[in-house]
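A.B. asks: Just one file: start-v3.cif, with mmCIF, C-alpha atoms.
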data_coords
#
loop_
_atom_site.label_atom_id
_atom_site.label_comp_id
_atom_site.auth_asym_id
_atom_site.auth_seq_id
_atom_site.Cartn_x
_atom_site.Cartn_y
_atom_site.Cartn_z
CA MET A 1 113.56 71.09 48.71
CA VAL A 2 113.18 74.37 50.55
CA LYS A 3 116.27 76.26 51.75
CA ILE A 4 115.70 77.19 55.39
CA ASN A 5 118.50 79.14 57.06
CA GLY A 6 120.86 77.89 54.34
CA GLU A 7 120.00 74.19 54.70
CA ALA A 8 117.94 72.08 52.29
CA VAL A 9 114.80 70.88 54.08
CA ASP A 10 112.07 68.60 52.74
CA ALA A 11 109.22 70.96 53.67
CA ALA A 12 107.56 71.57 50.28
CA GLY A 13 103.78 71.33 50.52
CA GLN A 14 103.61 72.42 54.16
CA THR A 15 102.41 75.82 55.23
CA LEU A 16 104.96 77.94 57.01
CA ALA A 17 102.89 77.58 60.21
CA GLN A 18 103.00 73.78 59.93
CA TYR A 19 106.77 73.83 59.48
CA LEU A 20 107.23 76.15 62.47
CA ALA A 21 105.03 73.88 64.63
CA SER A 22 107.45 71.02 63.92
CA THR A 23 110.39 73.06 65.26
CA ALA A 24 111.29 74.69 68.57
CA CYS A 25 110.66 78.16 67.11
CA ASN A 26 108.40 80.49 69.06
CA PRO A 27 106.41 82.37 66.36
CA GLY A 28 106.04 85.33 68.71
CA ARG A 29 109.80 85.82 68.89
CA ILE A 30 110.82 85.43 65.25
CA VAL A 31 110.64 87.21 61.92
CA ILE A 32 110.48 85.28 58.65
CA GLU A 33 112.19 86.38 55.46
CA TYR A 34 110.45 84.48 52.66
CA ASN A 35 112.09 84.70 49.22
CA GLU A 36 113.94 87.87 50.28
CA GLU A 37 110.89 89.69 51.69
CA ILE A 38 109.67 89.98 55.28
CA LEU A 39 106.49 87.93 55.61
CA PRO A 40 103.74 89.28 57.90
CA LYS A 41 102.80 86.85 60.69
CA GLU A 42 99.19 86.71 59.49
CA HIS A 43 100.44 85.00 56.30
CA TYR A 44 102.18 82.08 58.06
CA GLU A 45 98.99 79.97 57.95
CA THR A 46 98.38 80.49 54.24
CA THR A 47 101.91 80.52 52.82
CA VAL A 48 102.61 77.09 51.30
CA LEU A 49 106.29 76.25 50.93
CA ALA A 50 107.40 75.11 47.47
CA ASP A 51 110.57 73.65 45.99
CA GLY A 52 113.14 76.40 45.50
CA ASP A 53 111.75 78.72 48.19
CA ARG A 54 114.26 80.42 50.48
CA VAL A 55 113.32 81.03 54.10
CA GLU A 56 115.37 82.76 56.78
CA ILE A 57 114.14 82.53 60.38
CA ILE A 58 115.44 85.41 62.46
CA SER A 59 115.13 85.09 66.24
CA PHE A 60 115.03 87.90 68.76
CA MET A 61 117.38 87.47 71.67
CA GLY A 62 117.21 89.28 74.98
CA GLY A 63 120.24 90.40 76.85
CA GLY A 64 121.79 93.23 78.61
#
Please go through the file and, once you have read it, give me the structure as structure tokens.

C.D. replies:
Amino acid sequence: MVKINGEAVDAAGQTLAQYLASTACNPGRIVIEYNEEILPKEHYETTVLADGDRVEIISFMGGG
């Protein structure tokens, strides 16, 4: 299991890009913290999630 935003998710074996495609996340409006480090967007396609990984998806919100 992979911990994504504090919840256990069965996403091991998927790339981060594949996981994001299965969600409503807009990759252009988020930042990913992968195992406590900010992951550059160009690594989403090649980063394979594994059991024990911790992922935080941080969304940008507009407002005024």

A.B. asks: In terms of the shortest atom-to-atom distance over all atoms listed in the file, which of A:Gln14, A:Ala21, A:Arg54, A:Asn5 is closest to Glu37 (chain A)?

C.D. replies: A:Arg54

A.B. asks: Of the candidates A:Gly13, A:Gly28, A:Lys3, A:Glu56, which shows the shortest atom-to-atom distance to Glu42 (chain A), using only C-alpha atoms?

C.D. replies: A:Gly28

A.B. asks: Let me make sure I understand: among A:Cys25, A:Ala50, A:Met61, A:Ile30, which one has the smallest atom-to-atom distance to Ala11 (chain A) if we use all atoms listed in the file?

C.D. replies: A:Ala50

A.B. asks: Could you give me, as an mmCIF file with C-alpha atoms, in the frame of the given file, the residues that sit within 12 Å of (105.4, 89.9, 60.7) in the file's coordinates, counting only C-alpha atoms?

C.D. replies:
data_model
loop_
_atom_site.group_PDB
_atom_site.id
_atom_site.type_symbol
_atom_site.label_atom_id
_atom_site.label_comp_id
_atom_site.auth_asym_id
_atom_site.auth_seq_id
_atom_site.Cartn_x
_atom_site.Cartn_y
_atom_site.Cartn_z
ATOM 1 C CA PRO A 27 106.410 82.370 66.360
ATOM 2 C CA GLY A 28 106.040 85.330 68.710
ATOM 3 C CA ARG A 29 109.800 85.820 68.890
ATOM 4 C CA ILE A 30 110.820 85.430 65.250
ATOM 5 C CA VAL A 31 110.640 87.210 61.920
ATOM 6 C CA ILE A 32 110.480 85.280 58.650
ATOM 7 C CA GLU A 33 112.190 86.380 55.460
ATOM 8 C CA TYR A 34 110.450 84.480 52.660
ATOM 9 C CA GLU A 37 110.890 89.690 51.690
ATOM 10 C CA ILE A 38 109.670 89.980 55.280
ATOM 11 C CA LEU A 39 106.490 87.930 55.610
ATOM 12 C CA PRO A 40 103.740 89.280 57.900
ATOM 13 C CA LYS A 41 102.800 86.850 60.690
ATOM 14 C CA GLU A 42 99.190 86.710 59.490
ATOM 15 C CA HIS A 43 100.440 85.000 56.300
ATOM 16 C CA TYR A 44 102.180 82.080 58.060
ATOM 17 C CA ILE A 57 114.140 82.530 60.380
ATOM 18 C CA ILE A 58 115.440 85.410 62.460
#

A.B. asks: In Å, with one decimal, what is the gap from CA of Ser59 (chain A) to CA of Ala8 (chain A)?

C.D. replies: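 Computed distance, CA of Ser59 (chain A) to CA of Ala8 (chain A), equals 19.3 Å.
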
A.B. asks: Have a look at A:Ile4, A:Ala24, A:Leu16, A:Val9 and name the one nearest to Val48 (chain A); count only C-alpha atoms.

C.D. replies: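 Distance minimum relative to Val48 (chain A) lands on A:Leu16.
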
A.B. asks: Between CA of Asp10 (chain A) and CA of Asp51 (chain A), what is the spacing in Å?

C.D. replies: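 CA of Asp51 (chain A) sits 8.6 Å away from CA of Asp10 (chain A).
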
A.B. asks: Enter the distance from CA of Asp53 (chain A) to CA of Tyr19 (chain A), in Å, rounded to one decimal.

C.D. replies: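 Straight-line distance from CA of Asp53 (chain A) to CA of Tyr19 (chain A) works out to 13.3 Å.
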
A.B. asks: Would you please work out which residue, of A:Gln18, A:Met1, A:Gly6, A:Thr23, is nearest to Glu45 (chain A) when using all atoms listed in the file?

C.D. replies: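 Using all atoms listed in the file, Glu45 (chain A) sits closest to A:Gln18.
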